[in-house]
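Here is the structure we will look at, set down as structure tokens.
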Amino acid sequence: MMKKKITKIGVLTSGGDSPGMNAAIRAVVRTGIYHGMEVFGIMRGYSGMVEGDIQKMESRSVANIIQRGGTILKTSRSNEFLTAEGRAIAYKNLKQFGIEGLVIIGGDGSFRGAQIFSNEYDIPCIGLPGTIDKDIAGTDFTIGFDTAVNTAVEAIDKIRDTADAHDRLFIIEVMGRDAGYIALHSGISTGAEHILIPERKTSYIDLISSLKEKQGRKKLVNLIVVAEGEEFGGADELAKHIKKQIPNQDLRVCILGHIQRGGAPSCFDRVIASRMGYHAIECFIEGRHNVFIGIVNNKMNYTPLDEAVKKKQRISEEWMKIVKILAT
Ligand code: ADP
């Protein structure tokens with residue numbers, strides 16, 4: 001069966017923000033207009049859909065945004081959209097503008113919402129993975145991860161200087177409630193001695209004995225990078241535990257927090273956001289619906305929206321071996 005041609009689309013950013021979302025919006029708007037489509041910006045994710053806060057976008061609406069962090073469309077989490085009534089209102093609003101398809105830039109939660117909405121109302125949806133956590137299977141990278149991890153690296157490098165000056169142990173908490181990728185990448189690239197992530201159980205006995213052993217041989221500068229979702233409960237809890245086990249350990253905690261979400265997107269994030277945004281429109285043209293776009297081995301990869309939400313990436317043994325060997 002021929003799928004009907006989509007001529008009016010809406011674009012929104014939803015869930016947690018990530019640097020590079022603006023570059024993706026720009027690519028969607030300009031590629032859509034290039035192909036003769038009308039493109040509408042939906043404000044504050046699904047909230048704007050429910051409230052009818054929708055505006056027509058022109059090529060100039062997205063001028064001068066590729067280098068800006070955040071999202072010009074704003075983002076939010078919408079409780080109304082979780083309900084069938086809320087989604088019915090959202091659909092009515094889309095109809096008023098004649099919107100026939102949606103591009104959703106967000107994380108797995110946003111994709112879940114898109115899939116449910118599309119099942120109910122036959123509005124094709126294309127997802128673009130915008131999340132700093134890189135926790136979606138079906139893509140090697142997500143929009144925002146590279147920027148966030150580089151922000152973390154810059155901050156940890158600075159902490160290393162002061163740790164070195166005082167011969168101190170620093171526990172640095174980075175973002176990642178379910179995924180340890182920011183911790184893993186920033187930890188490896190700053191030479192952290194230990195990296196604690198939610199995907200793997202940490203042996204605290206081993207951790208304490210390793211710290212004692214290092215103390216014994218006067219390896220005094222230590223960085224421990226912890227993902228916020230790590231089972232022990234983040235940096236503060238870990239610090240309490242270490243203090244109890246090694247009372248003479250000079251240690252400080254630093255929680256990097258929201259600086260990891262902001263700032264100008266890196267070149268890498270701008271490029272993948274532009275490629276993904278371009279391909280979102282290609283998907284509508286080709287009739288490839290209800291998928292999210294990823295990049296795997298530098299090629300575009302399309303994963304059904306409902307599958308994207310089920311999988312989590314695994315962190316291989318090799319990564320942990322690298323951490324161990326390089327930080328002795
Ligand atoms: P992220 O997209 O970053 O993972 P969330 O999980 O908070 O962020 O999801 C963003 C929004 O997507 C939610 O606020 C909600 O409006 C919508 N959403 C998530 N899950 C569902 C669902 N099962 N049904 C309908 N909407 C959903």
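We name chains A, B, ... following the order of the structure tokens; residues begin at 1 in each chain, and ligands are numbered from 1 as shown.
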Please report, as CSV, each residue of chain A lying at most 7 Å from ligand 1, together with the nearest pair of atoms and the separation in Å rounded to one decimal; use only C-alpha atoms and all ligand atoms, and order rows by chain and ascending residue number.
residue,atom,partner,partner_atom_place_in_ligand_line,distance
A:Ser14,CA,ligand 1,10 (C),5.4
A:Gly15,CA,ligand 1,8 (O),3.4
A:Gly16,CA,ligand 1,3 (O),4.2
A:Tyr46,CA,ligand 1,16 (O),5.5
A:Ser76,CA,ligand 1,14 (O),6.5
A:Arg77,CA,ligand 1,14 (O),3.1
A:Ser78,CA,ligand 1,16 (O),3.7
A:Asn79,CA,ligand 1,16 (O),5.4
A:Glu80,CA,ligand 1,16 (O),6.8
A:Phe81,CA,ligand 1,16 (O),4.7
A:Leu82,CA,ligand 1,25 (C),3.9
A:Thr83,CA,ligand 1,25 (C),6.8
A:Gly106,CA,ligand 1,2 (O),4.5
A:Gly107,CA,ligand 1,2 (O),3.3
A:Asp108,CA,ligand 1,4 (O),4.3
A:Gly109,CA,ligand 1,6 (O),3.3
A:Ser110,CA,ligand 1,12 (O),3.6
A:Phe111,CA,ligand 1,2 (O),6.5
A:Arg112,CA,ligand 1,20 (N),5.0
A:Gly113,CA,ligand 1,26 (N),3.4
A:Ala114,CA,ligand 1,26 (N),6.9
A:Ile116,CA,ligand 1,24 (N),6.1
A:Thr131,CA,ligand 1,3 (O),6.4
Could you pull out the residues in region 1-127 of chain A that DSSP calls helix (DSSP H, G or I) from the backbone, as a PyMOL selection string?
chain A and resi 21-34+46-51+59-62+80-82+84-97+108-121
Nearest to Gly234 (chain A): which of A:Ile195, A:Ile105, A:Ile143, A:Ile156 is it, counting only C-alpha atoms?
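Of all the options, A:Ile195 lies closest to Gly234 (chain A).
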So that I can see what lies close to Ile171 (chain A), please list as a CSV table (one decimal) with C-alpha atoms, in the first residue's frame the residues with an atom at most 9 Å from it, counting only C-alpha atoms and leaving out residues fewer than 3 positions away in the same chain.
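After the write, selection-v7.csv holds the following:
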chain,number,residue,atom,x,y,z
A,222,ASN,CA,43.5,9.5,42.9
A,223,LEU,CA,40.5,10.3,41.0
A,224,ILE,CA,37.4,8.2,41.3
A,225,VAL,CA,34.7,9.0,38.7
A,226,VAL,CA,31.2,7.9,39.7
A,235,ALA,CA,29.7,10.4,45.3
A,236,ASP,CA,28.6,11.5,48.8
A,238,LEU,CA,30.8,6.6,48.5
A,239,ALA,CA,32.9,9.2,50.3
A,251,LEU,CA,39.3,13.2,50.2
A,252,ARG,CA,36.9,15.7,48.6
A,253,VAL,CA,33.7,15.3,46.6
A,254,CYS,CA,32.8,17.2,43.5
A,255,ILE,CA,29.4,16.8,41.8
For region 24-35 of chain A: contacts at 9 Å, only C-alpha atoms, fewer than 3 positions along chain excluded, given as a PyMOL selection string:
chain A and resi 7-9+11-13+20-21+38-41+57-59+61-63+65-66+71-73+103+105+128+130+143+270+272-282+285
CA of Gly216 (chain A) to CA of Tyr204 (chain A): how many Å, to one decimal?
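Answer for the CA of Gly216 (chain A) to CA of Tyr204 (chain A) separation: 18.1 Å.
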Compare A:Pro198, A:Leu256, A:Lys134, A:Cys283 by their minimum atom-to-atom distance to Ile159 (chain A), counting only C-alpha atoms, and give me the closest one.
A:Leu256
Pick out the residues sitting within 12 Å of Lys212 (chain A), and hand them over as a ChimeraX atom specification; count only C-alpha atoms, and ignore anything fewer than 3 positions along from it in its own chain.
/A:169,205-209,215-220,222,242-243,245-249
Quick one: distance from CA of Gly294 (chain A) to CA of Ala23 (chain A) in Å, one decimal?
15.6 Å
Can you work out the spacing between CA of Leu305 (chain A) and CA of Phe117 (chain A) in Å, to one decimal?
11.4 Å
Given the choices A:Glu100, A:Asp53, A:Glu173, A:Glu199, which gets closest to Ile315 (chain A) if the distance is worked out from only C-alpha atoms?
A:Glu199
Find the spatial neighbours of Tyr302 (chain A), counting only C-alpha atoms, within a cut-off of 10 Å - ignore same-chain residues fewer than 6 positions away - and output them as a list in words.
Ile126, Gly127, Gly138, Thr139, Cys283, Arg288, His289, Asn290, Val291, Phe292, Ile293, Gly294, Ile295, Val296 and Ala308 of chain A
